[in-house]
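S.K.: mmCIF, C-alpha atoms, file entry-v6.cif:
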data_structure
#
loop_
_atom_site.label_atom_id
_atom_site.label_comp_id
_atom_site.auth_asym_id
_atom_site.auth_seq_id
_atom_site.Cartn_x
_atom_site.Cartn_y
_atom_site.Cartn_z
CA MET A 6 0.00 0.00 0.00
CA LYS A 7 2.66 2.41 1.10
CA ILE A 8 4.92 1.46 -1.77
CA LYS A 9 2.13 1.88 -4.21
CA SER A 10 1.18 5.35 -3.09
CA SER A 11 4.74 6.53 -3.09
CA LEU A 12 5.10 5.09 -6.55
CA LYS A 13 2.04 6.97 -7.59
CA LEU A 14 3.51 10.11 -6.13
CA LYS A 15 6.73 9.58 -8.02
CA PHE A 16 4.77 9.00 -11.15
CA SER A 17 2.67 12.11 -10.83
CA ALA A 18 5.76 14.11 -10.04
CA LEU A 19 7.31 12.75 -13.19
CA ALA A 20 4.20 13.50 -15.19
CA LEU A 21 4.20 17.01 -13.82
CA PHE A 22 7.81 17.31 -14.73
CA VAL A 23 7.38 16.01 -18.23
CA GLY A 24 4.43 18.33 -18.70
CA LEU A 25 6.41 21.23 -17.39
CA PHE A 26 9.30 20.38 -19.58
CA PHE A 27 7.27 20.46 -22.71
CA SER A 28 5.64 23.73 -21.91
CA PHE A 29 9.08 24.95 -21.00
CA ASN A 30 10.39 24.06 -24.41
CA LEU A 31 7.46 25.70 -26.03
CA PHE A 32 8.12 28.97 -24.35
CA THR A 33 11.80 29.20 -24.92
CA ALA A 34 10.45 30.38 -28.22
CA SER A 35 8.67 33.34 -26.61
CA PRO A 36 10.23 36.69 -27.38
CA ALA A 37 11.72 36.99 -23.91
CA HIS A 38 15.12 37.79 -25.36
CA ALA A 39 17.07 38.96 -22.39
CA GLU A 40 20.51 37.55 -21.66
CA TYR A 41 20.40 34.52 -19.36
CA GLY A 42 20.82 35.55 -15.73
CA ASP A 43 20.17 39.28 -16.16
CA VAL A 44 18.32 40.51 -13.05
CA VAL A 45 15.89 43.40 -13.21
CA ILE A 46 15.52 45.11 -9.81
CA ASN A 47 12.52 47.36 -9.59
CA ASN A 48 11.27 47.47 -6.01
CA PHE A 49 11.64 51.23 -5.70
CA SER A 50 13.23 52.65 -8.84
CA GLU A 51 10.25 53.32 -10.99
CA GLU A 52 8.15 54.61 -8.11
CA ALA A 53 10.96 57.09 -7.54
CA GLY A 54 11.01 58.12 -11.19
CA MET A 55 14.10 56.19 -12.27
CA ARG A 56 14.35 53.41 -14.85
CA PRO A 57 14.52 49.93 -13.31
CA VAL A 58 18.00 48.57 -12.54
CA VAL A 59 19.42 45.80 -14.75
CA PHE A 60 22.17 43.69 -13.16
CA PRO A 61 24.08 41.53 -15.67
CA HIS A 62 25.37 38.30 -14.09
CA TRP A 63 27.40 37.30 -17.15
CA PHE A 64 29.41 40.51 -17.01
CA HIS A 65 30.16 40.28 -13.30
CA ARG A 66 30.83 36.54 -13.11
CA ALA A 67 33.59 36.89 -15.66
CA ARG A 68 35.27 39.22 -13.15
CA PHE A 69 34.22 37.85 -9.75
CA ARG A 70 33.27 34.44 -8.36
CA CYS A 71 29.74 34.12 -7.03
CA LYS A 72 31.22 33.93 -3.54
CA VAL A 73 32.33 37.57 -3.55
CA CYS A 74 28.78 38.87 -3.83
CA HIS A 75 26.76 36.02 -2.41
CA ALA A 76 28.91 35.27 0.63
CA ASP A 77 31.23 38.24 1.35
CA LEU A 78 28.81 41.02 0.39
CA GLY A 79 25.69 39.21 1.56
CA PHE A 80 23.54 39.31 -1.58
CA LYS A 81 20.77 36.75 -1.05
CA PHE A 82 19.91 34.43 -3.95
CA GLU A 83 16.65 36.23 -4.66
CA ALA A 84 15.87 38.87 -7.25
CA GLY A 85 14.66 41.89 -5.32
CA GLY A 86 15.27 40.10 -2.03
CA ASN A 87 17.94 42.45 -0.72
CA GLU A 88 16.01 45.70 -0.29
CA ILE A 89 18.77 47.67 -1.97
CA ASP A 90 18.43 51.44 -2.09
CA MET A 91 20.72 54.37 -2.93
CA LEU A 92 21.54 55.19 0.68
CA LYS A 93 22.96 51.71 1.22
CA ILE A 94 24.85 51.96 -2.06
CA ILE A 95 26.54 55.28 -1.27
CA ASP A 96 27.36 53.92 2.19
CA GLY A 97 29.34 51.13 0.50
CA GLU A 98 26.89 48.25 0.80
CA TYR A 99 25.70 45.97 -2.02
CA CYS A 100 26.57 47.45 -5.43
CA GLY A 101 28.31 50.25 -3.55
CA ALA A 102 30.97 47.87 -2.21
CA CYS A 103 32.51 48.03 -5.70
CA HIS A 104 30.84 50.90 -7.55
CA ASN A 105 32.73 53.42 -5.46
CA GLY A 106 35.34 54.73 -7.89
CA GLU A 107 37.94 52.27 -6.62
CA ILE A 108 37.00 48.80 -7.84
CA ALA A 109 34.48 49.95 -10.44
CA TRP A 110 33.07 53.25 -11.66
CA ALA A 111 31.19 55.26 -9.07
CA VAL A 112 27.48 55.88 -8.52
CA GLU A 113 27.21 59.06 -10.54
CA ASN A 114 26.73 56.94 -13.69
CA CYS A 115 23.04 56.56 -12.96
CA ASN A 116 22.15 55.44 -16.49
CA LEU A 117 24.46 52.44 -16.53
CA CYS A 118 22.56 50.78 -13.68
CA HIS A 119 19.17 52.38 -14.21
CA SER A 120 18.94 51.19 -17.81
CA GLY A 121 15.79 49.05 -17.74
CA THR A 122 12.69 49.28 -19.88
CA PRO A 123 9.88 50.95 -17.90
CA ASP A 124 7.32 48.56 -16.42
CA THR A 125 9.71 45.61 -16.26
CA PRO A 126 9.04 43.84 -12.95
CA THR A 127 11.71 42.54 -10.57
CA GLN A 128 12.90 39.14 -11.77
CA VAL A 129 15.77 37.08 -13.09
CA HIS A 130 15.60 36.62 -16.86
CA GLY A 131 15.88 33.49 -18.97
CA SER A 132 15.04 31.36 -15.94
CA THR A 133 13.19 28.08 -16.09
CA VAL A 134 10.55 29.40 -13.72
CA GLN A 135 10.03 32.50 -15.84
CA GLN A 136 9.55 30.35 -18.88
CA LEU A 137 7.09 28.13 -17.04
CA VAL A 138 4.85 30.97 -15.91
CA SER A 139 5.18 32.91 -19.14
CA ASN A 140 2.48 30.47 -20.19
CA ASP A 141 -0.23 32.85 -19.01
CA LYS A 142 1.62 36.07 -18.44
CA LYS A 143 4.42 36.88 -20.77
CA PRO A 144 6.69 39.32 -19.00
CA GLU A 145 7.80 41.41 -21.91
CA GLN A 146 6.63 41.32 -25.45
CA LYS A 147 8.49 43.00 -28.20
CA MET B 27 0.14 53.90 -56.00
CA LYS B 28 1.55 52.00 -53.10
CA SER B 29 1.74 48.80 -55.03
CA ILE B 30 3.67 50.45 -57.86
CA LYS B 31 6.15 51.82 -55.37
CA LEU B 32 6.47 48.41 -53.83
CA LEU B 33 6.98 46.85 -57.22
CA THR B 34 9.74 49.25 -58.15
CA ALA B 35 11.32 48.66 -54.82
CA LEU B 36 11.13 44.95 -55.39
CA ILE B 37 12.66 45.21 -58.83
CA VAL B 38 15.44 47.39 -57.55
CA ALA B 39 15.88 44.96 -54.73
CA LEU B 40 16.03 42.02 -57.09
CA PHE B 41 18.86 43.55 -58.99
CA THR B 42 20.85 44.71 -56.04
CA TYR B 43 20.08 42.08 -53.45
CA ASN B 44 22.21 39.30 -54.88
CA ALA B 45 25.30 41.39 -54.90
CA SER B 46 25.08 42.30 -51.25
CA ALA B 47 22.85 39.85 -49.36
CA ALA B 48 25.52 37.88 -47.54
CA ASP B 49 27.61 40.98 -46.91
CA VAL B 50 24.81 42.88 -45.27
CA ALA B 51 23.95 40.02 -42.95
CA ASN B 52 27.55 39.66 -41.84
CA GLY B 53 27.79 43.43 -41.71
CA LYS B 54 24.93 43.64 -39.25
CA LYS B 55 26.63 41.07 -37.05
CA VAL B 56 29.88 43.00 -37.10
CA ALA B 57 28.13 46.31 -36.53
CA ASP B 58 26.03 44.99 -33.62
CA ILE B 59 29.19 44.04 -31.81
CA SER B 60 31.71 46.66 -32.79
CA CYS B 61 30.06 49.73 -34.24
CA VAL B 62 26.66 50.39 -32.66
CA ALA B 63 28.18 51.83 -29.51
CA CYS B 64 28.84 55.01 -31.49
CA HIS B 65 26.84 54.70 -34.68
CA LYS B 66 23.47 53.95 -33.11
CA ALA B 67 23.13 57.21 -31.23
CA GLY B 68 25.60 59.21 -33.31
CA VAL B 69 28.21 59.63 -30.60
CA MET B 70 30.76 62.37 -31.36
CA GLY B 71 29.11 63.03 -34.69
CA ALA B 72 29.27 59.48 -36.02
CA PRO B 73 26.84 59.01 -38.92
CA LYS B 74 23.76 57.32 -37.46
CA ILE B 75 22.50 53.90 -38.48
CA GLY B 76 19.40 54.33 -40.60
CA ASP B 77 19.95 58.07 -41.14
CA LYS B 78 19.83 58.58 -44.87
CA ALA B 79 21.02 62.19 -44.87
CA ASP B 80 24.03 61.36 -42.73
CA TRP B 81 25.16 58.59 -45.02
CA GLN B 82 24.38 60.36 -48.27
CA LYS B 83 26.71 63.12 -47.18
CA ARG B 84 29.44 60.64 -46.33
CA MET B 85 29.05 58.89 -49.65
CA GLU B 86 29.73 62.06 -51.60
CA LYS B 87 33.39 61.14 -51.58
CA GLY B 88 32.57 57.67 -52.85
CA LEU B 89 32.44 54.26 -51.26
CA VAL B 90 36.15 53.62 -51.55
CA GLY B 91 36.97 56.75 -49.61
CA VAL B 92 34.45 55.92 -46.94
CA GLU B 93 35.81 52.41 -46.62
CA LYS B 94 39.33 53.73 -46.37
CA ASN B 95 38.36 56.08 -43.55
CA ALA B 96 36.67 53.28 -41.64
CA LEU B 97 39.72 51.04 -42.08
CA ASN B 98 42.29 53.66 -41.18
CA GLY B 99 40.32 55.88 -38.84
CA LEU B 100 39.07 59.45 -39.14
CA ASN B 101 39.20 61.93 -36.25
CA SER B 102 37.22 60.31 -33.39
CA MET B 103 36.43 57.29 -35.54
CA PRO B 104 39.04 54.70 -34.51
CA ALA B 105 40.60 52.49 -37.20
CA LYS B 106 38.30 49.49 -37.74
CA GLY B 107 36.04 50.91 -35.03
CA GLY B 108 38.73 50.11 -32.48
CA ASN B 109 38.55 46.38 -33.10
CA PRO B 110 41.75 45.28 -34.88
CA THR B 111 40.63 41.63 -34.97
CA LEU B 112 38.09 42.49 -37.67
CA SER B 113 39.08 41.74 -41.26
CA ASP B 114 38.92 44.38 -43.98
CA ASN B 115 35.95 42.56 -45.44
CA ASP B 116 34.13 42.67 -42.09
CA ILE B 117 34.47 46.44 -42.12
CA LYS B 118 33.27 46.67 -45.70
CA ASP B 119 30.33 44.44 -44.86
CA ALA B 120 29.46 46.63 -41.89
CA ILE B 121 29.49 49.66 -44.19
CA ALA B 122 27.29 47.80 -46.67
CA TYR B 123 24.89 47.22 -43.80
CA PHE B 124 24.97 50.90 -42.74
CA LEU B 125 24.24 51.98 -46.29
CA ASP B 126 21.56 49.37 -46.72
CA SER B 127 19.74 50.32 -43.54
CA ALA B 128 19.95 54.00 -44.45
CA GLY B 129 18.59 53.25 -47.89
CA VAL B 130 21.76 54.56 -49.53
CA ARG B 131 23.21 52.41 -52.25
CA ALA B 132 26.73 52.41 -53.53
CA ALA B 133 27.21 51.92 -57.25
CA ALA B 134 27.44 48.22 -57.90
CA ASN B 135 30.95 48.28 -59.29
CA ALA B 136 32.25 49.89 -56.16
CA SER B 137 31.08 47.13 -53.87
CA LYS B 138 32.36 44.52 -56.31
CA ALA B 139 35.83 45.90 -55.94
CA LYS B 140 36.25 44.14 -52.68
CA ALA B 141 35.27 40.70 -53.97
CA LYS B 142 38.46 40.63 -56.00
CA PRO B 143 41.53 39.75 -53.99
CA LYS B 144 42.58 43.35 -54.31
CA ALA B 145 45.60 43.37 -56.56
CA LYS B 146 45.98 47.12 -56.91
CA PRO B 147 44.82 50.01 -54.81
CA ALA B 148 41.09 50.00 -55.47
CA PRO B 149 40.02 51.52 -58.83
CA THR B 150 38.44 54.92 -59.29
CA PRO B 151 38.58 56.83 -56.08
CA VAL B 152 35.58 58.91 -57.04
CA VAL B 153 32.53 56.77 -57.38
CA LYS B 154 29.22 58.56 -57.60
CA ALA B 155 26.75 57.25 -55.09
CA VAL B 156 23.52 56.16 -56.65
CA VAL B 157 20.83 56.82 -54.13
CA LYS B 158 17.78 54.62 -54.09
CA THR B 159 15.42 53.41 -51.46
CA VAL B 160 15.71 49.70 -51.22
CA LYS B 161 13.12 47.58 -49.58
CA LYS B 162 14.49 44.27 -48.47
CA PRO B 163 12.69 41.42 -50.18
CA LYS B 164 10.87 39.30 -47.63
CA LYS B 165 12.20 35.79 -47.34
CA SER B 166 9.64 33.11 -47.93
CA LYS B 167 8.32 31.97 -44.56
CA VAL B 168 6.57 28.87 -45.81
CA MET B 169 8.55 26.60 -43.59
CA ASN B 170 10.96 27.16 -40.77
CA PHE B 171 13.02 24.10 -40.03
CA ASN B 172 12.87 24.63 -36.27
CA ARG B 173 9.62 26.32 -35.57
CA LEU B 174 10.00 26.76 -31.82
CA MET B 175 13.70 27.12 -31.31
CA LYS B 176 15.57 30.38 -31.24
CA PRO B 177 18.03 30.57 -34.13
CA PRO B 178 21.64 31.27 -33.13
CA SER B 179 21.35 34.78 -34.54
CA GLU B 180 18.94 35.57 -31.70
CA TRP B 181 21.22 34.33 -28.92
CA ASN B 182 22.94 36.89 -26.73
CA PRO B 183 21.32 40.01 -28.23
CA PRO B 184 22.95 43.38 -27.53
CA PRO B 185 21.39 45.29 -24.61
CA PHE B 186 19.34 47.69 -26.74
CA GLU B 187 17.57 44.78 -28.43
CA ASP B 188 17.05 42.45 -25.50
CA GLY B 189 13.69 43.74 -24.33
CA ILE B 190 14.74 44.63 -20.78
CA HIS B 191 17.07 47.56 -21.51
CA ASP B 192 15.28 50.74 -22.51
CA PRO B 193 16.35 51.53 -26.09
CA ASP B 194 15.37 55.15 -25.42
CA GLY B 195 17.91 55.48 -22.63
CA GLU B 196 21.60 56.04 -23.25
CA GLY B 197 22.64 53.27 -20.84
CA ALA B 198 21.58 50.60 -23.31
CA TYR B 199 24.22 51.74 -25.82
CA MET B 200 27.05 52.19 -23.35
CA LEU B 201 26.77 48.68 -21.91
CA GLN B 202 28.83 45.86 -23.36
CA PRO B 203 26.99 43.50 -25.74
CA PRO B 204 27.42 39.93 -24.39
CA ARG B 205 28.77 38.58 -27.67
CA GLU B 206 31.74 40.88 -27.50
CA LEU B 207 32.93 38.93 -24.47
CA PHE B 208 31.51 35.54 -25.36
CA THR B 209 33.22 35.12 -28.75
CA ASN B 210 36.43 34.33 -26.90
CA LEU B 211 34.92 31.93 -24.34
CA GLU B 212 34.14 28.20 -24.48
CA LYS B 213 30.77 27.59 -26.11
CA SER B 214 27.79 25.62 -24.91
CA SER B 215 24.30 25.15 -26.27
CA SER B 216 22.23 26.67 -23.49
CA GLY B 217 22.05 29.43 -20.91
CA ASN B 218 24.54 32.15 -21.81
CA ARG B 219 25.75 29.73 -24.54
CA VAL B 220 28.99 29.73 -22.59
CA ASP B 221 30.51 26.73 -20.85
CA TRP B 222 31.64 28.55 -17.72
CA VAL B 223 33.39 25.53 -16.24
CA LYS B 224 35.65 25.05 -19.26
CA THR B 225 36.10 28.78 -19.65
CA LEU B 226 37.39 29.02 -16.10
CA ASN B 227 39.54 25.89 -16.26
CA ASN B 228 41.16 26.94 -19.52
CA GLY B 229 42.12 30.24 -17.97
CA LEU B 230 40.07 32.33 -20.40
CA ILE B 231 38.71 34.28 -17.44
CA ALA B 232 40.18 34.79 -14.00
CA PRO B 233 37.31 35.96 -11.82
CA ARG B 234 38.44 37.24 -8.43
CA TRP B 235 37.77 35.29 -5.25
CA ASP B 236 38.00 38.53 -3.29
CA LYS B 237 36.48 41.81 -4.38
CA ALA B 238 39.83 43.62 -4.38
CA ASP B 239 42.64 41.09 -3.84
CA ASP B 240 43.73 39.35 -7.04
CA THR B 241 45.90 36.82 -5.26
CA LYS B 242 43.31 35.08 -3.06
CA GLN B 243 42.39 31.64 -4.33
CA PRO B 244 39.40 29.44 -3.51
CA PHE B 245 39.69 26.27 -1.45
CA VAL B 246 38.56 23.72 -4.03
CA MET B 247 37.14 20.51 -2.61
CA ASP B 248 37.08 17.49 -4.91
CA LEU B 249 34.28 15.37 -3.50
CA ASN B 250 31.66 13.76 -5.72
CA ILE B 251 28.29 12.74 -4.36
CA VAL B 252 26.40 10.22 -6.46
CA ARG B 253 22.63 10.28 -6.23
CA GLU B 254 20.95 7.18 -7.56
CA VAL B 255 17.95 7.86 -9.74
CA LYS B 256 15.10 5.38 -10.13
CA GLY B 257 14.07 4.47 -13.65
CA SER B 258 16.08 4.87 -16.79
CA MET B 259 17.66 8.26 -16.16
CA PRO B 260 21.38 8.05 -15.46
CA ASN B 261 22.45 8.76 -11.89
CA VAL B 262 23.26 12.27 -10.80
CA VAL B 263 26.86 13.00 -9.91
CA TYR B 264 27.06 16.13 -7.83
CA PRO B 265 30.64 17.46 -8.02
CA HIS B 266 31.91 19.65 -5.17
CA LYS B 267 34.91 20.57 -7.30
CA GLN B 268 33.21 22.75 -9.92
CA HIS B 269 31.02 24.32 -7.24
CA THR B 270 33.74 25.24 -4.79
CA GLN B 271 35.63 26.91 -7.63
CA TRP B 272 32.84 29.50 -7.72
CA LEU B 273 31.04 29.30 -4.41
CA ASP B 274 31.59 29.29 -0.68
CA CYS B 275 30.46 26.32 1.45
CA SER B 276 28.06 28.70 3.18
CA ASN B 277 26.26 29.38 -0.11
CA CYS B 278 24.80 25.86 0.07
CA HIS B 279 25.37 24.54 3.62
CA PRO B 280 23.18 24.47 5.58
CA ASP B 281 20.53 26.69 3.95
CA ILE B 282 20.03 24.70 0.74
CA PHE B 283 21.59 21.33 1.58
CA ILE B 284 22.34 19.55 4.85
CA PRO B 285 25.99 18.48 4.43
CA LYS B 286 25.33 14.77 4.68
CA LYS B 287 25.12 12.37 1.79
CA GLY B 288 21.52 11.35 1.15
CA ALA B 289 20.10 13.65 3.84
CA ASN B 290 18.34 15.85 1.31
CA GLN B 291 15.21 15.08 -0.65
CA ILE B 292 15.80 16.29 -4.19
CA SER B 293 13.43 15.88 -7.14
CA MET B 294 13.25 17.26 -10.64
CA ALA B 295 9.99 19.01 -9.83
CA ALA B 296 11.69 20.91 -7.01
CA ILE B 297 14.62 21.79 -9.27
CA LEU B 298 12.32 23.09 -11.97
CA MET B 299 10.53 25.28 -9.46
CA GLY B 300 13.79 26.88 -8.38
CA GLU B 301 14.57 24.88 -5.23
CA LYS B 302 17.62 22.72 -4.31
CA CYS B 303 19.92 22.57 -7.35
CA GLY B 304 17.37 24.84 -9.05
CA VAL B 305 18.31 27.76 -6.80
CA CYS B 306 21.16 28.33 -9.26
CA HIS B 307 20.59 25.96 -12.20
CA GLY B 308 17.95 27.45 -14.44
CA LYS B 309 18.76 30.98 -13.28
CA VAL B 310 22.47 31.75 -13.41
CA ALA B 311 24.34 28.42 -13.62
CA PHE B 312 23.67 26.18 -16.66
CA PRO B 313 19.94 25.53 -17.12
CA VAL B 314 17.86 22.43 -16.48
CA SER B 315 17.67 21.50 -20.15
CA ASP B 316 21.30 20.25 -19.96
CA CYS B 317 20.18 16.93 -18.45
CA ARG B 318 23.46 15.17 -19.14
CA LYS B 319 25.64 17.52 -17.18
CA CYS B 320 23.91 16.36 -13.96
CA HIS B 321 22.71 12.91 -15.02
CA SER B 322 26.20 11.91 -16.03
CA GLN B 323 26.64 8.41 -14.61
CA ASN B 324 25.12 5.63 -16.68
CA LYS B 325 23.54 2.77 -14.79
CA LYS B 326 25.00 -0.73 -14.45
CA LYS B 327 28.30 0.62 -13.28
CA PRO B 328 28.92 -0.26 -9.64
CA LEU B 329 27.18 2.46 -7.70
CA VAL B 330 29.82 3.83 -5.41
CA ALA B 331 30.05 7.31 -4.11
CA SER B 332 33.52 8.11 -5.29
CA ARG B 333 35.55 9.96 -2.74
CA LYS B 334 38.72 11.29 -4.19
#
Output the file's structure in the form of structure tokens.
M.R.:
Amino acid sequence: MKIKSSLKLKFSALALFVGLFFSFNLFTASPAHAEYGDVVINNFSEEAGMRPVVFPHWFHRARFRCKVCHADLGFKFEAGGNEIDMLKIIDGEYCGACHNGEIAWAVENCNLCHSGTPDTPTQVHGSTVQQLVSNDKKPEQK
Amino acid sequence: MKSIKLLTALIVALFTYNASAADVANGKKVADISCVACHKAGVMGAPKIGDKADWQKRMEKGLVGVEKNALNGLNSMPAKGGNPTLSDNDIKDAIAYFLDSAGVRAAANASKAKAKPKAKPAPTPVVKAVVKTVKKPKKSKVMNFNRLMKPPSEWNPPPFEDGIHDPDGEGAYMLQPPRELFTNLEKSSSGNRVDWVKTLNNGLIAPRWDKADDTKQPFVMDLNIVREVKGSMPNVVYPHKQHTQWLDCSNCHPDIFIPKKGANQISMAAILMGEKCGVCHGKVAFPVSDCRKCHSQNKKKPLVASRK
């Protein structure tokens, strides 16, 4: 009895997975073009009249290991999960630990970080989850 | 009215398309990587892509002169757009693309000059530009071989075309297009289309382990954990080595995984929904579609957790 039900569970999990995978494949074709791993951060920016922030993982990971940001600097693995704002940045936290004119260019280059298309919500792009939910709500059409 | 215009355009296109089709396509590729930074927005007075007046004016001295200036540089225009790895033909193709998208056409004989393995300094230096509006003929779309897959030309688009960077802001043109970096890295078929493990191991990049100190090195732990998988799928080999090259133990232990073999329940459904291995795989590290990278141990082999 127990074996059977756990088998059933496994099976339905697999079915779910296979189903997901096919829909996933289908929607890699959606026009969500963005580079894999680009994170849009838009908790406060647009409300404050700035373009959303786009953080490119590919660009930074070629220069730093994940550990630098995700262990030393304390970035949590969650798009928008760090409550970043400009005060923290100019005080040397988060992006400001490097974008301080010493390791990388300083904060006055607003447009390089605040480069996002208006109305783009906070999320990581090209992700499996994004492609799964794009089924009913496609994040950005072009 | 409209249809006559279209017809003339088509006829013109028919006669000119053959000569330049391949060039223009390659030219766009070259331009997207090496030229748009200045020529999209017209930085420092660079003639703008798609701006007919700009390019007509440039073409007054003839295509050969324009090509020469692009190859050798002109004031703030660096030689070959600052990218010495480009061939002369790449530059000429990029110019063909600029002219094409601005609707400015060079006289046919001028663009032919480059097809010949140039024996002498190119012919007549003064070639009159023939200006015509060319509409690109639409390719027949009866059948696409892969209906649902993105063609390679759509991988790694430059920021101003990727849908999340605002093409009306200047940031989008100042940022580096991914392909500019990726052309030199190890390729893969998914994610960034970069095999980051090989890229790192072959020394093509040297990402820092400390935000400022170049000399600090990670403690790399070579411990494989084999997870048996029921059914036909090959077993999963989880390698600590490739992970500890990038990550700190605290990135996974204990928040994502209890550090004890077999102590964690992991399933594909969880991974797909962004949990367990899916915290990173399918977001930043290689995506879930690369089944074989994780399911790498075929069955029937003795199932031993190899501890090296």
S.K.: Report as a PyMOL selection string the residues that result from applying the PyMOL selection byres ((chain B) within 7 of (chain A)) to the structure here.
M.R.: chain B and resi 174-176+182+188-192+195-198+201+217-218+231-238+272-274+277+294-295+298-300+308-310
S.K.: Convert the output of the PyMOL selection byres ((chain B and resi 263) around 6) on the shown file into explicit residues, formatted as number ranges by chain.
M.R.: B: 251-252, 262, 264
S.K.: Go through B:Ala122, B:Ile117, B:Cys278, B:Ala311 one by one, measure the shortest atom-to-atom distance of each to Gly76 in chain B using only C-alpha atoms, and give the residue with the smallest value.
M.R.: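 Smallest separation from Gly76 in chain B among the options: B:Ala122.
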S.K.: Report the distance between CA of Ala105 in chain B and CA of Lys118 in chain B in Å, rounded to one decimal place.
M.R.: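 Going from CA of Ala105 in chain B over to CA of Lys118 in chain B covers 12.6 Å.
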S.K.: Looking at B:Asn210, B:Asn95, B:Ser179, B:Gln82, which one is nearest to Thr111 in chain B, with distances taken over only C-alpha atoms?
M.R.: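 Looking at the shortest contact to Thr111 in chain B, the residue is B:Asn210.
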S.K.: Might you pull out every residue within 9 Å of Phe283 in chain B, with only C-alpha atoms counted and same-chain residues fewer than 6 positions away left off, and present them as a list of chain:residue names?
M.R.: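 With the cut-off at 9 Å, the set is B:Ala289, B:Asn290, B:Lys302.
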S.K.: I need the residue nearest Lys319 in chain B from this list: B:Pro193, B:Trp81, B:Ser216, B:Gln291. Use all atoms listed in the file for the distance.
M.R.: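 Selected residue with least distance to Lys319 in chain B: B:Ser216.
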S.K.: Using the chain letters and numbers from this file, what does the PyMOL selection byres ((chain B and resi 248) around 12) select? Give the answer as a list in words.
M.R.: Phe245, Val246, Met247, Leu249, Asn250, Ile251, Tyr264, Pro265, His266, Lys267, Gln268, His269, Thr270, Gln271, Ser332, Arg333 and Lys334 of chain B
